[in-house]
Structure formats: C-alpha cells, structure tokens
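Q: This is the content of upload36.txt (compact mmCIF, C-alpha atoms):
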# COMPACT_ATOMS: atom_id res chain seq x y z
CA MET L 173 -10.21 -9.39 14.12
CA THR L 174 -7.71 -10.09 16.88
CA THR L 175 -3.94 -9.68 16.77
CA THR L 176 -1.06 -9.88 19.19
CA THR L 177 1.95 -7.59 19.40
CA GLU L 178 4.21 -10.13 17.70
CA HIS L 179 2.10 -9.83 14.55
CA LEU L 180 2.00 -6.03 14.49
CA LEU L 181 4.38 -4.22 12.19
CA SER L 182 7.51 -2.67 13.65
CA SER L 183 8.39 1.02 13.39
CA VAL L 184 11.03 0.14 10.80
CA GLN L 185 8.41 -1.64 8.69
CA MET L 186 6.01 1.29 9.05
CA ALA L 187 8.75 3.70 8.00
CA HIS L 188 9.40 1.49 4.96
CA PHE L 189 5.70 1.72 4.06
CA VAL L 190 5.68 5.49 4.49
CA ALA L 191 8.75 5.85 2.25
CA HIS L 192 7.96 3.23 -0.41
CA GLY L 193 4.16 3.32 -0.35
CA SER L 194 4.00 -0.47 -0.08
CA LEU L 195 4.91 -3.42 2.09
CA ARG L 196 5.42 -6.92 0.72
CA MET L 197 4.94 -10.24 2.55
CA ASP L 198 6.19 -13.15 0.44
CA ALA L 199 4.47 -16.57 0.56
CA VAL L 200 2.53 -15.70 3.71
CA VAL L 201 -0.61 -17.57 2.61
CA PRO L 202 -0.33 -21.40 2.82
CA ALA L 203 -0.46 -23.63 -0.26
CA GLU L 204 -3.87 -25.13 0.54
CA MET L 205 -5.47 -21.69 0.69
CA ASN L 206 -3.78 -20.66 -2.55
CA ALA L 207 -5.26 -23.70 -4.29
CA GLU L 208 -8.67 -22.88 -2.84
CA ALA L 209 -8.36 -19.25 -3.96
CA VAL L 210 -8.24 -20.12 -7.65
CA GLN L 211 -11.52 -22.02 -7.30
CA VAL L 212 -13.14 -19.23 -5.27
CA PHE L 213 -12.05 -16.56 -7.73
CA GLY L 214 -13.39 -18.58 -10.63
CA ALA L 215 -16.82 -18.55 -8.98
CA ASN L 216 -16.47 -14.81 -8.22
CA ILE L 217 -16.97 -12.97 -4.92
CA PRO L 218 -20.12 -10.81 -4.60
CA PRO L 219 -19.51 -7.05 -4.37
CA VAL L 220 -20.41 -5.11 -1.23
CA PRO L 221 -21.56 -1.50 -0.75
CA TYR L 222 -18.84 1.07 -0.11
CA GLY L 223 -18.01 1.37 3.59
CA THR L 224 -19.16 -2.10 4.65
CA PRO L 225 -17.52 -3.48 7.84
CA ILE L 226 -15.41 -6.61 7.31
CA THR L 227 -17.72 -8.73 9.44
CA GLU L 228 -20.66 -7.80 7.22
CA ALA L 229 -18.76 -7.91 3.92
CA PHE L 230 -17.39 -11.43 4.27
CA PRO L 231 -19.20 -14.20 6.19
CA GLU L 232 -17.38 -16.00 8.97
CA GLU L 233 -15.31 -18.94 7.64
CA SER L 234 -15.53 -17.61 4.07
CA PHE L 235 -12.29 -17.61 2.12
CA VAL L 236 -11.78 -13.84 2.22
CA ARG L 237 -12.57 -13.63 5.94
CA ARG L 238 -10.01 -16.34 6.65
CA LEU L 239 -7.49 -14.52 4.45
CA VAL L 240 -7.77 -11.18 6.25
CA GLU L 241 -7.82 -12.88 9.66
CA MET L 242 -4.54 -14.72 9.12
CA PRO L 243 -2.32 -13.44 11.99
CA GLU L 244 0.35 -11.88 9.75
CA VAL L 245 -2.23 -10.22 7.48
CA ALA L 246 -4.44 -9.07 10.35
CA GLY L 247 -1.42 -7.67 12.20
CA ALA L 248 -0.30 -5.65 9.20
CA LEU L 249 -3.81 -4.33 8.59
CA ARG L 250 -4.25 -3.29 12.21
CA SER L 251 -0.87 -1.54 12.11
CA LEU L 252 -1.77 0.39 8.97
CA VAL L 253 -5.49 1.19 9.30
CA GLY L 254 -6.40 0.11 12.82
CA PRO L 255 -9.06 -2.27 14.14
CA ASP L 256 -12.34 -2.89 12.33
CA PRO L 257 -11.68 -1.05 9.04
CA ASN L 258 -14.41 -0.80 6.44
CA ILE L 259 -14.29 -2.37 3.00
CA ASP L 260 -14.25 0.28 0.31
CA HIS L 261 -14.43 -2.25 -2.50
CA HIS L 262 -12.82 -5.47 -3.69
CA PHE L 263 -12.10 -6.87 -7.11
CA ILE L 264 -10.69 -10.00 -8.76
CA HIS L 265 -8.23 -9.04 -11.48
CA VAL L 266 -7.60 -11.71 -14.12
CA ARG L 267 -4.99 -11.39 -16.86
CA GLU L 268 -5.67 -13.94 -19.56
CA PRO L 269 -2.81 -15.67 -21.39
CA HIS L 270 -1.41 -13.71 -24.33
CA GLU L 271 -4.18 -11.11 -24.13
CA GLY L 272 -1.72 -8.51 -25.40
CA ARG L 273 -2.66 -5.54 -23.25
CA ALA L 274 -1.63 -3.93 -20.01
CA GLN L 275 -2.95 -1.24 -17.68
CA PRO L 276 -1.40 2.22 -17.84
CA LEU L 277 0.12 3.61 -14.67
CA HIS L 278 -2.57 4.92 -12.33
CA ALA L 279 -3.50 5.40 -8.69
CA ASP L 280 -6.78 4.04 -7.36
CA ALA L 281 -8.10 7.40 -6.15
CA ILE L 282 -8.83 10.93 -7.30
CA ILE L 283 -6.52 13.62 -5.99
CA ASP L 284 -6.43 12.89 -2.25
CA VAL L 285 -4.98 15.68 -0.13
CA ARG L 286 -5.24 13.98 3.26
CA PRO L 287 -1.81 14.45 4.90
CA ASP L 288 -2.74 12.51 8.03
CA ALA L 289 -4.74 9.48 6.82
CA PHE L 290 -4.72 6.96 4.00
CA ASP L 291 -6.54 3.90 2.71
CA VAL L 292 -4.70 0.63 2.23
CA GLN L 293 -5.07 -1.83 -0.61
CA LEU L 294 -4.34 -5.49 -0.05
CA MET L 295 -3.19 -7.30 -3.17
CA TYR L 296 -3.07 -11.09 -2.94
CA TYR L 297 -1.38 -13.35 -5.48
CA PRO L 298 -2.42 -17.02 -5.11
CA GLN L 299 -0.02 -18.24 -7.80
CA GLU L 300 3.67 -17.85 -8.39
CA VAL L 301 4.06 -14.79 -10.63
CA THR L 302 6.88 -15.08 -13.13
CA LEU L 303 8.31 -12.29 -15.28
CA GLU L 304 6.57 -13.82 -18.30
CA MET L 305 3.21 -13.62 -16.48
CA GLY L 306 3.57 -9.86 -16.16
CA GLY L 307 2.73 -9.08 -12.56
CA THR L 308 1.96 -5.67 -11.11
CA LEU L 309 4.18 -2.74 -12.03
CA SER L 310 4.59 -0.04 -9.38
CA VAL L 311 6.67 3.07 -8.83
CA PRO L 312 8.15 3.12 -5.31
CA GLY L 313 7.77 6.41 -3.49
CA SER L 314 5.09 7.78 -5.81
CA HIS L 315 2.16 7.66 -3.38
CA LEU L 316 2.49 11.18 -1.97
CA ARG L 317 2.82 12.90 -5.36
CA ARG L 318 -0.46 14.79 -5.77
CA THR L 319 -1.80 13.75 -9.16
CA ASN L 320 -5.21 12.69 -10.39
CA GLU L 321 -6.08 9.02 -10.76
CA SER L 322 -4.98 8.38 -14.37
CA ASP L 323 -2.78 11.39 -15.08
CA THR L 324 0.31 9.21 -14.83
CA GLY L 325 -0.88 6.92 -17.64
CA ARG L 326 1.19 8.77 -20.24
CA TYR L 327 4.44 7.86 -18.43
CA GLN L 328 6.30 4.67 -19.30
CA ASN L 329 9.38 3.02 -17.81
CA LEU L 330 10.27 5.29 -14.92
CA ARG L 331 13.69 4.75 -13.39
CA GLY L 332 13.47 2.51 -10.35
CA GLN L 333 10.03 1.08 -11.14
CA SER L 334 9.31 -2.38 -9.75
CA ARG L 335 7.71 -5.24 -11.66
CA LEU L 336 6.36 -7.85 -9.27
CA VAL L 337 7.78 -11.36 -9.45
CA CYS L 338 6.77 -13.37 -6.40
CA PRO L 339 6.06 -16.81 -4.95
CA ALA L 340 2.52 -18.10 -4.51
CA GLY L 341 0.69 -16.74 -1.49
CA THR L 342 2.30 -13.30 -1.55
CA VAL L 343 0.40 -10.34 -0.10
CA VAL L 344 1.32 -6.73 -0.84
CA PHE L 345 -0.11 -3.73 1.02
CA LEU L 346 -0.29 -0.49 -0.99
CA HIS L 347 -0.94 3.10 0.00
CA HIS L 348 -3.97 4.17 -2.02
CA GLY L 349 -1.94 6.76 -3.94
CA LEU L 350 0.82 4.49 -5.24
CA TRP L 351 1.24 4.53 -9.02
CA HIS L 352 0.81 1.03 -10.38
CA GLY L 353 -0.60 -1.00 -13.27
CA GLY L 354 -1.12 -4.63 -14.24
CA ARG L 355 1.33 -5.79 -16.91
CA ARG L 356 0.33 -7.95 -19.85
CA ASN L 357 0.45 -11.72 -19.43
CA ASP L 358 2.69 -13.35 -22.04
CA SER L 359 2.51 -16.81 -20.46
CA ASP L 360 0.12 -19.71 -21.13
CA THR L 361 -1.45 -19.43 -17.64
CA PRO L 362 -4.19 -17.07 -16.40
CA ARG L 363 -2.89 -14.74 -13.69
CA TYR L 364 -5.06 -13.87 -10.68
CA MET L 365 -4.77 -10.97 -8.28
CA PHE L 366 -7.38 -10.21 -5.61
CA LYS L 367 -7.59 -6.65 -4.32
CA ILE L 368 -9.36 -5.26 -1.26
CA ARG L 369 -9.33 -1.58 -0.34
CA PHE L 370 -9.67 -0.77 3.37
CA ASN L 371 -10.88 2.52 4.89
CA PRO L 372 -9.75 3.26 8.46
CA THR L 373 -12.39 3.90 11.10
CA VAL L 374 -10.00 5.15 13.80
CA ARG L 375 -7.22 7.73 13.88
CA GLN L 376 -4.08 6.22 12.35
CA ARG L 377 -1.70 7.04 15.18
CA ARG L 378 0.78 4.59 16.75
CA LEU L 379 -1.25 1.54 15.77
CA TRP L 380 1.84 -0.63 15.32
CA ASP L 381 4.50 -1.97 17.73
CA THR L 382 6.35 1.24 18.59
CA SER L 383 8.98 -0.36 20.82
CA ASP L 384 11.63 0.36 18.14
CA LEU L 385 10.51 3.91 17.38
CA ALA L 386 13.96 5.29 18.25
CA ASP L 387 15.78 2.76 16.04
CA PRO L 388 18.13 4.64 13.65
CA ARG L 389 16.82 2.47 10.83
CA VAL L 390 13.51 4.34 11.04
CA ALA L 391 15.09 7.62 9.88
CA ALA L 392 17.17 5.69 7.34
CA GLU L 393 14.02 4.19 5.79
CA LEU L 394 12.27 7.56 5.76
CA SER L 395 15.28 9.12 4.02
CA THR L 396 15.12 6.75 1.04
CA VAL L 397 15.44 8.52 -2.31
CA PHE L 398 14.22 6.84 -5.49
CA PRO L 399 15.84 7.10 -8.94
CA TRP L 400 12.86 8.80 -10.61
CA TYR L 401 12.86 11.74 -8.19
CA GLU L 402 13.80 15.08 -9.72
CA THR L 403 16.73 16.84 -8.06
CA ALA L 404 14.60 19.71 -6.75
CA THR L 405 10.95 18.64 -6.89
CA GLY L 406 11.83 15.24 -5.47
CA ARG L 407 12.49 16.94 -2.15
CA LEU L 408 8.73 17.45 -1.83
CA GLU L 409 8.39 13.69 -1.43
CA LEU L 410 10.61 13.86 1.66
CA TYR L 411 8.64 16.86 2.93
CA ASN L 412 5.28 15.08 2.58
CA ARG L 413 6.79 11.93 4.07
CA VAL L 414 7.80 13.85 7.20
CA LEU L 415 4.28 15.28 7.51
CA LEU L 416 2.80 11.79 7.31
CA TRP L 417 5.24 10.39 9.87
CA ARG L 418 4.46 13.25 12.24
CA ALA L 419 0.76 12.47 11.92
CA LEU L 420 1.29 8.74 12.44
CA THR L 421 3.51 9.14 15.51
CA GLY L 422 2.12 12.33 17.06
CA ASP L 423 5.67 13.70 17.10
CA ALA L 424 5.25 17.26 15.80
CA GLY L 425 8.99 17.90 16.01
CA PHE L 426 10.18 15.00 13.85
CA ASP L 427 12.13 16.03 10.76
CA LEU L 428 14.61 14.82 8.16
CA ASP L 429 17.48 17.19 7.52
CA HIS L 430 15.41 20.21 8.66
CA TRP L 431 13.15 20.09 5.56
CA VAL L 432 9.81 20.77 7.26
CA THR L 433 11.14 22.81 10.19
CA ARG L 434 12.78 25.29 7.83
CA VAL L 435 9.71 26.09 5.75
CA SER L 436 7.22 26.08 8.61
CA ASN L 437 9.21 28.53 10.75
CA ARG L 438 6.77 31.31 11.69
CA PRO L 439 7.94 32.93 14.96
CA GLN L 440 5.14 34.71 16.81
CA GLU L 441 7.19 36.62 19.35
CA VAL L 442 7.14 40.39 18.81
CA PRO L 443 10.64 41.98 18.96
CA ALA L 444 11.27 44.26 21.89
Could you write out this structure as structure tokens?

A:
Amino acid sequence: MTTTTEHLLSSVQMAHFVAHGSLRMDAVVPAEMNAEAVQVFGANIPPVPYGTPITEAFPEESFVRRLVEMPEVAGALRSLVGPDPNIDHHFIHVREPHEGRAQPLHADAIIDVRPDAFDVQLMYYPQEVTLEMGGTLSVPGSHLRRTNESDTGRYQNLRGQSRLVCPAGTVVFLHHGLWHGGRRNDSDTPRYMFKIRFNPTVRQRRLWDTSDLADPRVAAELSTVFPWYETATGRLELYNRVLLWRALTGDAGFDLDHWVTRVSNRPQEVPA
C-alpha cells in the first residue's frame, strides 16, 4: 500500500481521533464502487485467519483490496496504524428491513489496557444511511474508558451519543474501544455495513503528517469534553488522552492543564 503526504492525516485530524475515538470521511468511495459493493456483499467475502497481512487476505484487484488502497483510505490507515497492518477480522453486517432489533452498546474488544497502541476498525457504508435505516450508534470519547466488551450494554441514550446518518460511500475509522451498536432498521431497504479490524505491525509514533503539530487546534481538539462525562471521573478521559498523545508523538512532556504532570510528579532528588 503506497501513500503520499497529501493523503496522510494531519495532526489536527489525529488529535480529533484521539479525543473522539473516530474519524469520519463522507462519500469518499465513488458511486460505481458503492454499487459493486452491494453485489460483492451479497455473495459474501471469505473470512481470513487472525493476523493475516492485507496482501494475503484480499487478492490484488479484489473489491476489498481496491477499497483499502484508495488514496484517502490508505492515507488514513497508514496515519493510524502504519504501513502493512494485519487483518484481525472482517465482517459484513446486514440489517434487514423492519427486523425490529438492535445491538446493545459494546466495544469490539475485551478490556484492553494498552496505553500506547490501538487497533483500528474501518466501517464502510455503501448506501446512503437515513435516520429511518438506523445506522451505527456511537458514544464519542468513550474509547479510553476501561470496560469489558459488553458491559456497556445496559446503558441506553447517553447524552451526546451520535447516530450515524451519512451519504453513500462513507468510511468511518474507529478506535477499537469505542462504544457503539447497530440500530434497528425501520426502513424498507436492507442496510449494509462492512467492517475490517486492523492490527498495527509497527510502533504507532508520528505516522501522520506532523507539519502542523504545533497548531493550537491540536490542543483544542484534545481538550474536547463530551456531555456524558461525569464532573470528576470524566477527567480520567483527559488523563488517558494525554498518555495516548504522548505515546503517539514521543513528547513525554505534553499535557493538558497539568493533569498528568501533577499526578506523576515523583522527584528523586534527596534534600540536602
């Protein structure tokens, strides 16, 4: 997979991903590929073993290979997980018309305590998704809250949750820990969503276009607070966000409002 710097994410976009746990690219896939996708998904896509390289998982010129090698998609993937990631798994989600059920909130991983690495899930929507069709529900900023896979399923209607409505050809990249769930489809049309989970094979440090790393909008993005955050406990989201940004940039001194510096202060000098 080859990319050029103009297709890599910016530091502001990376900071948005670190804060929100997702990055959305509307209508990035062309109409002819979207039409092809529905046919391909109807015929299914064979599963692959966990940890399969992209080049082995999807044959050259296959639909999925062409999807992940689109310049905008490939640039985002390289920025998030680096070159030559492995395929953890992929799945075609279909919500049938009026099926009357929805997924509970969940994350697609067991408790994952990695502070310096993450998997990325690509979610591709080949059709326009209307409110009536349901779409994917997600909770922005939930990805660094340490919970087990389905422990969030008892929660409903969190303040600030986002229900996806999007044009055809939209691709969304999710941090593996983001709380989400497919909503029920109340329309007369089947709804398709294709998911691929990517595992990095290199250290996730400064993989994006860092020319705007000093842009004030980076800190502004990282300081985003979401409506569902508790007054006190919600500060832990900012704390974990700073740790992740330090790991991604290699800047051990980065902080937001002194949150991490304050609680990691352990002077070693012995008083005279």

Q: Up to 9 Å from (1.0, -10.8, -20.6) in the file's coordinates: name the residues, counting all atoms listed in the file, as JSON, numbers by chain.

A: {"L": [267, 268, 269, 270, 271, 272, 273, 274, 304, 305, 306, 307, 355, 356, 357, 358, 359, 360, 363]}

Q: With only C-alpha atoms as the basis for distance, which of L:Leu394, L:Leu249, L:Leu239, L:Val442 is at the shortest distance from Met205 of chain L?

A: L:Leu239

Q: Restricting the calculation to all atoms listed in the file, which member of L:Trp417, L:Tyr364, L:Phe230, L:Phe290 is positioned closest to Phe213 of chain L?

A: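 Of L:Trp417, L:Tyr364, L:Phe230, L:Phe290, the one nearest Phe213 of chain L is L:Tyr364, counting all atoms listed in the file.
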
Q: Looking at only C-alpha atoms, which of L:Asp280, L:Asp198, L:Gly313, L:Lys367 is the one that sits closest to Leu336 of chain L?

A: L:Asp198

Q: Work out how far apart atom CA of Ala229 of chain L and atom CA of Gly247 of chain L are and give it in Å to one decimal.

A: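 One can read the atom CA of Ala229 of chain L to atom CA of Gly247 of chain L distance as 19.2 Å.
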
Q: Report the distance between atom CA of Arg369 of chain L and atom CA of Gly223 of chain L in Å, rounded to one decimal place.

A: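 Distance between the two atoms: 10.0 Å.
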
Q: Taking only residues of segment 199-315 of chain L that have an atom at most 12 Å from an atom of segment 406-413 of chain L, what is each one's shortest atom pair and its distance in Å to one decimal, using all atoms listed in the file, in chain and number order, as JSON lines?

A:
{"residue": "L:Val285", "atom": "CA", "partner": "L:Asn412", "partner_atom": "CA", "distance": 10.6}
{"residue": "L:Arg286", "atom": "CA", "partner": "L:Asn412", "partner_atom": "CA", "distance": 10.6}
{"residue": "L:Pro287", "atom": "CA", "partner": "L:Asn412", "partner_atom": "CA", "distance": 7.5}
{"residue": "L:Asp288", "atom": "CA", "partner": "L:Asn412", "partner_atom": "CA", "distance": 10.0}
{"residue": "L:Pro312", "atom": "CA", "partner": "L:Glu409", "partner_atom": "CA", "distance": 11.3}
{"residue": "L:Gly313", "atom": "CA", "partner": "L:Glu409", "partner_atom": "CA", "distance": 7.6}
{"residue": "L:Ser314", "atom": "CA", "partner": "L:Glu409", "partner_atom": "CA", "distance": 8.1}
{"residue": "L:His315", "atom": "CA", "partner": "L:Glu409", "partner_atom": "CA", "distance": 8.9}

Q: Just the selected residues (C-alpha atoms), exported as a tab-separated table (two decimals), keeping the file's coordinate frame, please.

A:
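Output below, filename part-v2.tsv:
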chain	number	residue	atom	x	y	z
L	285	VAL	CA	-4.98	15.68	-0.13
L	286	ARG	CA	-5.24	13.98	3.26
L	287	PRO	CA	-1.81	14.45	4.90
L	288	ASP	CA	-2.74	12.51	8.03
L	312	PRO	CA	8.15	3.12	-5.31
L	313	GLY	CA	7.77	6.41	-3.49
L	314	SER	CA	5.09	7.78	-5.81
L	315	HIS	CA	2.16	7.66	-3.38

Q: State, in Å with one decimal place, the distance from atom CA of Ala199 of chain L to atom CA of Val301 of chain L.

A: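 Separation of atom CA of Ala199 of chain L and atom CA of Val301 of chain L: 11.3 Å.
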
Q: Which protein, DNA or RNA residues are at most 12 Å from (2.8, 8.1, 14.6) in the file's coordinates when you count all atoms listed in the file, listed as an MDAnalysis selection string?

A: chainID L and resid 182:183 186:187 190 251:252 288:289 375:382 385 390 413:426

Q: Since the input is missing atoms for segment 338-355 of chain L, could you rebuild it with N, CA, C and O atoms and give the result as a JSON list (two decimals), keeping the file's coordinate frame?

A:
[["chain", "number", "residue", "atom", "x", "y", "z"],
["L", 338, "CYS", "N", 6.93, -12.94, -7.78],
["L", 338, "CYS", "CA", 6.77, -13.37, -6.40],
["L", 338, "CYS", "C", 6.34, -14.82, -6.32],
["L", 338, "CYS", "O", 5.80, -15.38, -7.27],
["L", 339, "PRO", "N", 6.57, -15.46, -5.16],
["L", 339, "PRO", "CA", 6.06, -16.81, -4.95],
["L", 339, "PRO", "C", 4.57, -16.80, -4.68],
["L", 339, "PRO", "O", 3.97, -15.76, -4.36],
["L", 340, "ALA", "N", 3.95, -17.97, -4.81],
["L", 340, "ALA", "CA", 2.52, -18.10, -4.51],
["L", 340, "ALA", "C", 2.24, -17.71, -3.06],
["L", 340, "ALA", "O", 3.05, -17.96, -2.17],
["L", 341, "GLY", "N", 1.08, -17.11, -2.84],
["L", 341, "GLY", "CA", 0.69, -16.74, -1.49],
["L", 341, "GLY", "C", 1.25, -15.42, -1.01],
["L", 341, "GLY", "O", 1.21, -15.13, 0.18],
["L", 342, "THR", "N", 1.74, -14.60, -1.93],
["L", 342, "THR", "CA", 2.30, -13.30, -1.55],
["L", 342, "THR", "C", 1.18, -12.27, -1.38],
["L", 342, "THR", "O", 0.23, -12.24, -2.15],
["L", 343, "VAL", "N", 1.33, -11.44, -0.36],
["L", 343, "VAL", "CA", 0.40, -10.34, -0.10],
["L", 343, "VAL", "C", 1.19, -9.04, -0.09],
["L", 343, "VAL", "O", 2.25, -8.95, 0.53],
["L", 344, "VAL", "N", 0.69, -8.04, -0.80],
["L", 344, "VAL", "CA", 1.32, -6.73, -0.84],
["L", 344, "VAL", "C", 0.31, -5.69, -0.36],
["L", 344, "VAL", "O", -0.85, -5.71, -0.79],
["L", 345, "PHE", "N", 0.74, -4.82, 0.54],
["L", 345, "PHE", "CA", -0.11, -3.73, 1.02],
["L", 345, "PHE", "C", 0.35, -2.45, 0.35],
["L", 345, "PHE", "O", 1.53, -2.10, 0.39],
["L", 346, "LEU", "N", -0.59, -1.72, -0.26],
["L", 346, "LEU", "CA", -0.29, -0.49, -0.99],
["L", 346, "LEU", "C", -1.00, 0.70, -0.36],
["L", 346, "LEU", "O", -2.17, 0.61, 0.02],
["L", 347, "HIS", "N", -0.30, 1.82, -0.26],
["L", 347, "HIS", "CA", -0.94, 3.10, 0.00],
["L", 347, "HIS", "C", -1.84, 3.42, -1.18],
["L", 347, "HIS", "O", -1.48, 3.15, -2.33],
["L", 348, "HIS", "N", -3.00, 3.99, -0.94],
["L", 348, "HIS", "CA", -3.97, 4.17, -2.02],
["L", 348, "HIS", "C", -3.45, 5.05, -3.16],
["L", 348, "HIS", "O", -3.96, 4.99, -4.28],
["L", 349, "GLY", "N", -2.43, 5.86, -2.91],
["L", 349, "GLY", "CA", -1.94, 6.76, -3.94],
["L", 349, "GLY", "C", -0.79, 6.23, -4.78],
["L", 349, "GLY", "O", -0.31, 6.93, -5.68],
["L", 350, "LEU", "N", -0.35, 5.00, -4.52],
["L", 350, "LEU", "CA", 0.82, 4.49, -5.24],
["L", 350, "LEU", "C", 0.50, 4.28, -6.72],
["L", 350, "LEU", "O", -0.51, 3.69, -7.08],
["L", 351, "TRP", "N", 1.39, 4.74, -7.59],
["L", 351, "TRP", "CA", 1.24, 4.53, -9.02],
["L", 351, "TRP", "C", 1.53, 3.07, -9.34],
["L", 351, "TRP", "O", 2.57, 2.52, -8.97],
["L", 352, "HIS", "N", 0.62, 2.44, -10.06],
["L", 352, "HIS", "CA", 0.81, 1.03, -10.38],
["L", 352, "HIS", "C", -0.01, 0.68, -11.63],
["L", 352, "HIS", "O", -0.82, 1.48, -12.10],
["L", 353, "GLY", "N", 0.18, -0.52, -12.14],
["L", 353, "GLY", "CA", -0.60, -1.00, -13.27],
["L", 353, "GLY", "C", -0.30, -2.45, -13.54],
["L", 353, "GLY", "O", 0.84, -2.91, -13.38],
["L", 354, "GLY", "N", -1.31, -3.22, -13.92],
["L", 354, "GLY", "CA", -1.12, -4.63, -14.24],
["L", 354, "GLY", "C", -0.45, -4.79, -15.60],
["L", 354, "GLY", "O", -0.91, -4.23, -16.60],
["L", 355, "ARG", "N", 0.61, -5.56, -15.65],
["L", 355, "ARG", "CA", 1.33, -5.79, -16.91],
["L", 355, "ARG", "C", 0.63, -6.89, -17.72],
["L", 355, "ARG", "O", -0.13, -7.70, -17.20]]
